[in-house]
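Peer 1: The structure under discussion is supplied below as structure tokens; questions concerning it will follow.
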Amino acid sequence: MTSTAQAPQSGARTAHPDHLGHVIFIAAAAAMGGFLFGYDSSVINGAVEAIRDRYDVGSAALAQVIAIALIGCAIGAATAGRIADRIGRIRCMQIAAILFTISAVGSALPFALYDLAFWRVVGGFAIGMASVIGPAYIAEVAPPAYRGRLGSFQQAAIVIGIAVSQLVNWGLLNAADGDQRGKLMGLEAWQVMLGVMVVPAVLYGLLSFAIPESPRFLISVGKHERAREILTEVEGKDVDLDARVAEIEGAMKSEHRSSFKDLLGGSFFFKPIVWIGIGLSVFQQFVGINVAFYYSSTLWQSVGVDPTDSFFYSFTTSIINIVGTVIAMIFVDRIGRRPLAIIGSVGMVIGLALEAWAFSYHLVDGKLPAAQGWIALIAAHVFVLFFALSWGVVVWVMLGEMFPNRIRAAALGVAAAAQWIANWAITASFPSLADWNLSATYVIYTAFAALSIPFVLKFVKETKGKALEEMG
């Protein structure tokens, strides 16, 4: 109540920074963590077949090495908030940058498969930290009038990171004459692919020294004068700084720190709203979207596409992912979350069903028949487009909005954990499922996309245009 009453007095809601470009730079620098998130998530795509060949491992063991980074992600995401509250947002970013750098070097120079798996976990921990700290920092630094647009930098950075990693992989593969194990700079091409992540990791670390600490954190540790300087910098000189500091302090004192216990209730352990959040997270992953980013090169090569071409198709898929994300950012506040989710589900069903049909054909000389090959390729791009313009953005928007204030933080944590677990399940199972029956695997993903439609229609409420206080 206090913070709501004080808001008009400080002028924060209508504040405009004197130098908007500087604020955009701050948000973009923080979003570099999202770029690394996307880059690291996708860069392994270029190394899968080379790792399989070099270490002579089966699909199940290979899948665990690929998916194990997600265990690190879950741990990093779970601990990042507490670390950031203790040592600050900027220090947390710097730790993530150091871990990213170490992981990139270690992954490029592994002496055994278990060593590679260890460095994947280290990188995953950094991803988990970045996935939490970036959006939180941007929300705390951005002027309220620009928060939505600046907050979208994180998602945009993720999809750009995915695209850049695919492009770099494609370029390195061409330099190695199409051989993932070809020699480049004294290493095998796949090792260089993983090692190149040192460049954006170091850049992320350097940028963290060029942006200010969060005013909210500074106030929490009693550094009021420095907080005032930064508030003037990001919100402009017209803001009443005394009222603004009091407003932030009041909000922090009145916050209820939700716990796991607050989520319990109802007939199935959790409150119904928590199950809906878990459902959104699980459906987002069970349509198989990460197969498109972790395994697309392997997928295309398995149906006879030339390795260099398979990397190019992976890159074009990433461009489609960016286009879809931009469409979602434009329309999510215009037509609403539920309509966008349903449109996306229908499009995904069509794309996945066509892929399942195309992959049901027998290979001729190690390749799909020409017509089925082209349909599979187009359908894969259709699937990624409809995912990106709907569930890719909508789920994160809704998870941030749909829970009552009293349980928001804890419920979001449970829903995010469900997302990492579902991501791991799909990533770890795909190679073995594909060996069993690739077409049937895509039938399973199609079924989950179809089931997401009645789930949204029956259980998910529209959150567009509602205040957070109205939720629940």
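Chain labels run A, B, ... following the order of the structure tokens; each chain numbers its residues from 1, and ligands are numbered from 1 in the order shown.
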Need to verify the contact set: region 176-190 of chain A, 6 Å, only C-alpha atoms, exclusion of same-chain residues closer than 3 positions in sequence. Can you return it as a list in words?

Peer 2: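 Listed by chain and then number, they are Ala47, Ala50, Leu173, Met193 and Thr308 of chain A.
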
Peer 1: Between region 223-289 of chain A and region 445-465 of chain A, at 12 Å or less, what are the per-residue closest atom pairs and their distances in Å? Count only C-alpha atoms, order by chain and rising residue number, and return it as JSON lines.

Peer 2:
```
{"residue": "A:Pro272", "atom": "CA", "partner": "A:Phe459", "partner_atom": "CA", "distance": 9.2}
{"residue": "A:Ile273", "atom": "CA", "partner": "A:Phe459", "partner_atom": "CA", "distance": 8.9}
{"residue": "A:Val274", "atom": "CA", "partner": "A:Phe459", "partner_atom": "CA", "distance": 11.4}
{"residue": "A:Trp275", "atom": "CA", "partner": "A:Phe459", "partner_atom": "CA", "distance": 9.7}
{"residue": "A:Ile276", "atom": "CA", "partner": "A:Phe459", "partner_atom": "CA", "distance": 6.8}
{"residue": "A:Gly277", "atom": "CA", "partner": "A:Val460", "partner_atom": "CA", "distance": 8.9}
{"residue": "A:Ile278", "atom": "CA", "partner": "A:Val460", "partner_atom": "CA", "distance": 11.6}
{"residue": "A:Gly279", "atom": "CA", "partner": "A:Phe455", "partner_atom": "CA", "distance": 8.2}
{"residue": "A:Leu280", "atom": "CA", "partner": "A:Ser452", "partner_atom": "CA", "distance": 8.3}
{"residue": "A:Ser281", "atom": "CA", "partner": "A:Ser452", "partner_atom": "CA", "distance": 10.9}
{"residue": "A:Val282", "atom": "CA", "partner": "A:Phe448", "partner_atom": "CA", "distance": 9.5}
{"residue": "A:Phe283", "atom": "CA", "partner": "A:Ser452", "partner_atom": "CA", "distance": 6.4}
{"residue": "A:Gln284", "atom": "CA", "partner": "A:Ala449", "partner_atom": "CA", "distance": 8.6}
{"residue": "A:Gln285", "atom": "CA", "partner": "A:Phe448", "partner_atom": "CA", "distance": 9.4}
{"residue": "A:Phe286", "atom": "CA", "partner": "A:Phe448", "partner_atom": "CA", "distance": 6.3}
{"residue": "A:Val287", "atom": "CA", "partner": "A:Tyr445", "partner_atom": "CA", "distance": 4.5}
{"residue": "A:Gly288", "atom": "CA", "partner": "A:Tyr445", "partner_atom": "CA", "distance": 5.8}
{"residue": "A:Ile289", "atom": "CA", "partner": "A:Tyr445", "partner_atom": "CA", "distance": 9.0}
```

Peer 1: Would you mind writing down, as a PyMOL selection string, each residue of region 191-420 of chain A that DSSP on the backbone assigns to strand (DSSP E)?

Peer 2: chain A and resi 264-268+270

Peer 1: For those residues, write N, CA and C atoms to a file as a PDB file, in the first residue's frame.

Peer 2:
```
ATOM      1  N   LEU A 264       1.327 -24.792  -1.482  1.00  0.00           N
ATOM      2  CA  LEU A 264       0.593 -26.023  -1.208  1.00  0.00           C
ATOM      3  C   LEU A 264      -0.885 -25.737  -1.006  1.00  0.00           C
ATOM      4  N   GLY A 265      -1.718 -26.701  -1.394  1.00  0.00           N
ATOM      5  CA  GLY A 265      -3.163 -26.533  -1.246  1.00  0.00           C
ATOM      6  C   GLY A 265      -3.888 -27.175  -2.403  1.00  0.00           C
ATOM      7  N   GLY A 266      -5.202 -27.266  -2.295  1.00  0.00           N
ATOM      8  CA  GLY A 266      -5.952 -27.898  -3.372  1.00  0.00           C
ATOM      9  C   GLY A 266      -5.905 -29.416  -3.223  1.00  0.00           C
ATOM     10  N   SER A 267      -6.479 -30.106  -4.180  1.00  0.00           N
ATOM     11  CA  SER A 267      -6.610 -31.559  -4.078  1.00  0.00           C
ATOM     12  C   SER A 267      -5.407 -32.315  -4.636  1.00  0.00           C
ATOM     13  N   PHE A 268      -4.508 -31.636  -5.338  1.00  0.00           N
ATOM     14  CA  PHE A 268      -3.355 -32.312  -5.936  1.00  0.00           C
ATOM     15  C   PHE A 268      -2.047 -31.653  -5.522  1.00  0.00           C
ATOM     16  N   PHE A 270      -0.259 -29.047  -5.085  1.00  0.00           N
ATOM     17  CA  PHE A 270      -0.110 -27.620  -5.342  1.00  0.00           C
ATOM     18  C   PHE A 270      -1.465 -26.952  -5.561  1.00  0.00           C
TER      19      PHE A 270
END
```

Peer 1: Identify all residues of region 246-405 of chain A in alpha helix (DSSP H) (DSSP on the backbone) and supply them as a count of residues only.

Peer 2: 113

Peer 1: Might you pull out every residue within 8 Å of Leu354 (chain A), with only C-alpha atoms counted and same-chain residues fewer than 2 positions away left off, and present them as an mmCIF file with N, CA and C atoms, in the first residue's frame?

Peer 2:
```cif
data_model
loop_
_atom_site.group_PDB
_atom_site.id
_atom_site.type_symbol
_atom_site.label_atom_id
_atom_site.label_comp_id
_atom_site.auth_asym_id
_atom_site.auth_seq_id
_atom_site.Cartn_x
_atom_site.Cartn_y
_atom_site.Cartn_z
ATOM 1 N N ILE A 350 0.565 -28.309 -37.323
ATOM 2 C CA ILE A 350 0.714 -28.490 -38.775
ATOM 3 C C ILE A 350 2.168 -28.788 -39.141
ATOM 4 N N GLY A 351 3.101 -27.975 -38.627
ATOM 5 C CA GLY A 351 4.513 -28.158 -38.939
ATOM 6 C C GLY A 351 5.040 -29.508 -38.463
ATOM 7 N N LEU A 352 4.734 -29.873 -37.213
ATOM 8 C CA LEU A 352 5.233 -31.133 -36.651
ATOM 9 C C LEU A 352 4.620 -32.342 -37.354
ATOM 10 N N ALA A 356 6.563 -35.340 -39.215
ATOM 11 C CA ALA A 356 6.344 -36.753 -38.897
ATOM 12 C C ALA A 356 6.021 -37.554 -40.168
ATOM 13 N N TRP A 357 5.181 -36.974 -41.028
ATOM 14 C CA TRP A 357 4.816 -37.641 -42.292
ATOM 15 C C TRP A 357 6.038 -37.806 -43.189
ATOM 16 N N ALA A 358 6.827 -36.741 -43.332
ATOM 17 C CA ALA A 358 7.999 -36.795 -44.215
ATOM 18 C C ALA A 358 9.021 -37.813 -43.710
ATOM 19 N N ILE A 375 9.628 -30.976 -47.948
ATOM 20 C CA ILE A 375 8.500 -30.756 -47.036
ATOM 21 C C ILE A 375 8.982 -30.770 -45.581
ATOM 22 N N ALA A 376 9.886 -31.706 -45.255
ATOM 23 C CA ALA A 376 10.439 -31.763 -43.894
ATOM 24 C C ALA A 376 11.163 -30.466 -43.543
ATOM 25 N N ALA A 379 8.578 -27.601 -43.239
ATOM 26 C CA ALA A 379 7.761 -27.817 -42.044
ATOM 27 C C ALA A 379 8.539 -27.488 -40.774
#
```

Peer 1: Using only C-alpha atoms, which residue out of A:Tyr146, A:Trp396, A:Phe35, A:Tyr442 lies closest to Val234 (chain A)?

Peer 2: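 Under the stated criterion, the closest residue is A:Tyr146.
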
Peer 1: Quick one: pull the distance between CA of Val384 (chain A) and CA of Gly324 (chain A), Å, one decimal.

Peer 2: 7.9 Å

Peer 1: Hey, can you check how far CA of Ile421 (chain A) sits from CA of Val132 (chain A)?

Peer 2: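 CA of Val132 (chain A) lies 16.5 Å from CA of Ile421 (chain A).
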
Peer 1: Near Leu116 (chain A), counting only C-alpha atoms, which residues have an atom at most 8 Å away, once you skip same-chain residues fewer than 5 positions from it, shown as a list in words?

Peer 2: Val65, Gly106, Ser107, Pro110 and Phe111 of chain A

Peer 1: Can you write out the residues you just picked, keeping N, CA and C atoms, as an mmCIF file, in the first residue's frame?

Peer 2:
```cif
data_model
loop_
_atom_site.group_PDB
_atom_site.id
_atom_site.type_symbol
_atom_site.label_atom_id
_atom_site.label_comp_id
_atom_site.auth_asym_id
_atom_site.auth_seq_id
_atom_site.Cartn_x
_atom_site.Cartn_y
_atom_site.Cartn_z
ATOM 1 N N VAL A 65 25.546 -36.201 -22.208
ATOM 2 C CA VAL A 65 26.574 -35.154 -22.270
ATOM 3 C C VAL A 65 25.969 -33.848 -22.772
ATOM 4 N N GLY A 106 37.575 -25.055 -21.257
ATOM 5 C CA GLY A 106 37.547 -26.465 -20.867
ATOM 6 C C GLY A 106 36.844 -27.339 -21.893
ATOM 7 N N SER A 107 35.726 -26.855 -22.444
ATOM 8 C CA SER A 107 34.969 -27.618 -23.444
ATOM 9 C C SER A 107 35.758 -27.783 -24.735
ATOM 10 N N PRO A 110 38.903 -30.820 -23.975
ATOM 11 C CA PRO A 110 38.623 -31.932 -23.053
ATOM 12 C C PRO A 110 39.574 -33.098 -23.304
ATOM 13 N N PHE A 111 39.941 -33.818 -22.236
ATOM 14 C CA PHE A 111 40.806 -34.983 -22.401
ATOM 15 C C PHE A 111 40.006 -36.279 -22.338
#
```

Peer 1: Rounded to one decimal place, report the CA of Met398 (chain A)-CA of Arg337 (chain A) distance in Å.

Peer 2: 7.4 Å

Peer 1: Closest to Asn45 (chain A) among A:Thr232, A:Ser390, A:Gln191, A:Asn169, using only C-alpha atoms?

Peer 2: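 Closest candidate: A:Asn169.
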